[in-house]
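Participant: Pasting a structure here, questions to come.
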Amino acid sequence: SFIALPKVESSSSSTTKPLSAPKWTMQVLLLLICMFLCGSAFNVPSRTEVEVVAPPTKLSDVSVPVFHDGRDPFDEADDRHTQRRRRFLQRLVSSAGVMAPAFGRRAIAADGAADDVDAKATAIDPSVAPPRVTSKVYLDVKFAKYKEPKRLVIGLFGEAMPRAAENFASLCAGDNAGGRSYAGTRFYRALSGNSIQGGAIGSPNTGRSGLSSLEDGATFPPDNFDIKHSTQGLVSAVRNPNGEIDSRFFVQTEDDAGWADGRYAAFGIVLEEGGGMDLVRRISNVDVQTPQNSPKDPITIVACGRLDV
């Protein structure tokens, strides 16, 4: 019932060995992949090869808070594809033994050490010596379940962060060329034990974008990243995919937020003249909808403006 097939003798001369690429080819390929991902996943501007590699080496050691589904709550480039690239790059950088020969470990370490020295020289620790408050603003915050709004008073660091502070103050007062104001916007994200986010003018429900106080609402780079996130109540700018400032901001609820140092620019602090940190924590602890962590019941800024110092 079986059909016997004739055997076919294979000639040794006809067998071919698979081609093997030289080892250096794989290192060059990995180098190109890493350089591409450094620019796209971390928004790092291209300068020299050594400088492109140094930022992710530092970021791989940073513990960033995440959503319940694993996304970075402060990065607008939070689509799944971008997150996959970032996680891949962090794993790639953490395995230093593979890439160090190609990049030059000593050059990277020297460059990183120089950056650290510069950062420490200009760092401002508000828990030890807070920057001077040059102006004050208020946000009247209304919970959907309550009739009367609660006032949040914020002091701005106009000397340390002049451009970011004035942008925020102008959006509170509505005295900019476009007449834009925080009035009517919502706190679109609440992370218990971490922070609250608001100020998404033009995108009040999703928080995907914002508009600055400039005439065309354009974004602009932060003044600096000198202020360390070492005390609760600091108000910082939420960056867009290009690392620039628009209208969005977040308030940290805990003292230790070192993950934000060098990534987000702090420009003010919540004062205890109004609801203070009790109001901030109350917002951060509301019931939220996942995965965006948006409050189930709207929390709206119904009025805002400048105050006398």
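Every chain in the structure tokens has a letter given in the order shown (A, B, ...), and although residue numbers restart at 1 in each chain, ligands are simply numbered from 1 in the order shown.
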List the spatial neighbours of Thr253 (chain A) as a ChimeraX atom specification - criterion: any atom at most 12 Å away, only C-alpha atoms, same-chain residues fewer than 2 positions off excluded.

Facilitator: /A:190-197,229-236,250-251,255-257,269-270,276-285

Participant: Could you give me, as number ranges by chain, the residues within 10 Å of region 151-167 of chain A, counting only C-alpha atoms and dropping anything in the same chain fewer than 4 positions from it?

Facilitator: A: 124, 130-142, 171-172, 176, 212-214, 220-227, 233-237, 245-247, 265-280, 301, 303-307, 309

Participant: Pull the helix (DSSP H, G or I) assignments for region 152-262 of chain A out of DSSP run on the backbone, and list those residues as a VMD selection string.

Facilitator: chain A and resid 162 to 173 258 to 260

Participant: Would you mind exporting the chosen residues as a CSV table (one decimal), in the first residue's frame, restricted to N, CA and C atoms?

Facilitator:
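This is the output file out-v2.csv:
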chain,number,residue,atom,x,y,z
A,162,PRO,N,11.2,83.5,33.9
A,162,PRO,CA,10.4,84.6,33.4
A,162,PRO,C,9.4,84.3,32.3
A,163,ARG,N,9.8,83.6,31.3
A,163,ARG,CA,8.9,83.4,30.2
A,163,ARG,C,7.8,82.5,30.5
A,164,ALA,N,8.1,81.4,31.2
A,164,ALA,CA,7.1,80.4,31.6
A,164,ALA,C,6.1,81.0,32.6
A,165,ALA,N,6.6,81.8,33.6
A,165,ALA,CA,5.8,82.4,34.6
A,165,ALA,C,4.8,83.4,34.0
A,166,GLU,N,5.3,84.2,33.1
A,166,GLU,CA,4.4,85.2,32.4
A,166,GLU,C,3.4,84.6,31.5
A,167,ASN,N,3.8,83.5,30.9
A,167,ASN,CA,2.8,82.7,30.0
A,167,ASN,C,1.6,82.3,30.9
A,168,PHE,N,2.0,81.7,32.0
A,168,PHE,CA,0.9,81.2,32.9
A,168,PHE,C,0.1,82.3,33.5
A,169,ALA,N,0.7,83.4,33.9
A,169,ALA,CA,0.0,84.5,34.5
A,169,ALA,C,-0.9,85.2,33.4
A,170,SER,N,-0.5,85.3,32.2
A,170,SER,CA,-1.3,85.9,31.1
A,170,SER,C,-2.5,85.0,30.8
A,171,LEU,N,-2.3,83.7,30.9
A,171,LEU,CA,-3.4,82.8,30.6
A,171,LEU,C,-4.4,82.8,31.8
A,172,CYS,N,-4.0,83.1,32.9
A,172,CYS,CA,-4.9,83.3,34.1
A,172,CYS,C,-5.7,84.6,33.9
A,173,ALA,N,-5.0,85.6,33.5
A,173,ALA,CA,-5.7,86.9,33.4
A,173,ALA,C,-6.4,87.1,32.1
A,258,GLY,N,11.8,63.3,41.7
A,258,GLY,CA,13.1,63.5,40.9
A,258,GLY,C,13.0,63.0,39.5
A,259,TRP,N,12.0,62.1,39.2
A,259,TRP,CA,11.9,61.7,37.8
A,259,TRP,C,11.6,62.8,36.8
A,260,ALA,N,11.1,64.0,37.4
A,260,ALA,CA,10.8,65.1,36.5
A,260,ALA,C,11.9,66.1,36.3

Participant: Would you mind listing what lies within 6 Å of Tyr188 (chain A) as a compact mmCIF listing (two decimals) with C-alpha atoms, in the first residue's frame, with only C-alpha atoms counted and same-chain residues fewer than 4 positions away left out?

Facilitator:
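After the write, around_26.txt holds the following:
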# COMPACT_ATOMS: atom_id res chain seq x y z
CA GLY A 198 -4.92 70.88 33.65
CA ASN A 205 -11.38 67.11 27.67
CA SER A 294 -9.52 61.54 33.68

Participant: If I take CA of Lys296 (chain A) and CA of Glu148 (chain A), how far is one from the other in Å, to one decimal?

Facilitator: 18.8 Å

Participant: Between CA of Tyr146 (chain A) and CA of Thr300 (chain A), what distance in Å does the model show, to one decimal?

Facilitator: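 Calculated distance between CA of Tyr146 (chain A) and CA of Thr300 (chain A) is 11.4 Å.
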
Participant: By how many Å are CA of Val238 (chain A) and CA of Pro298 (chain A) apart?

Facilitator: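 That distance, rounded to one decimal, is 20.1 Å.
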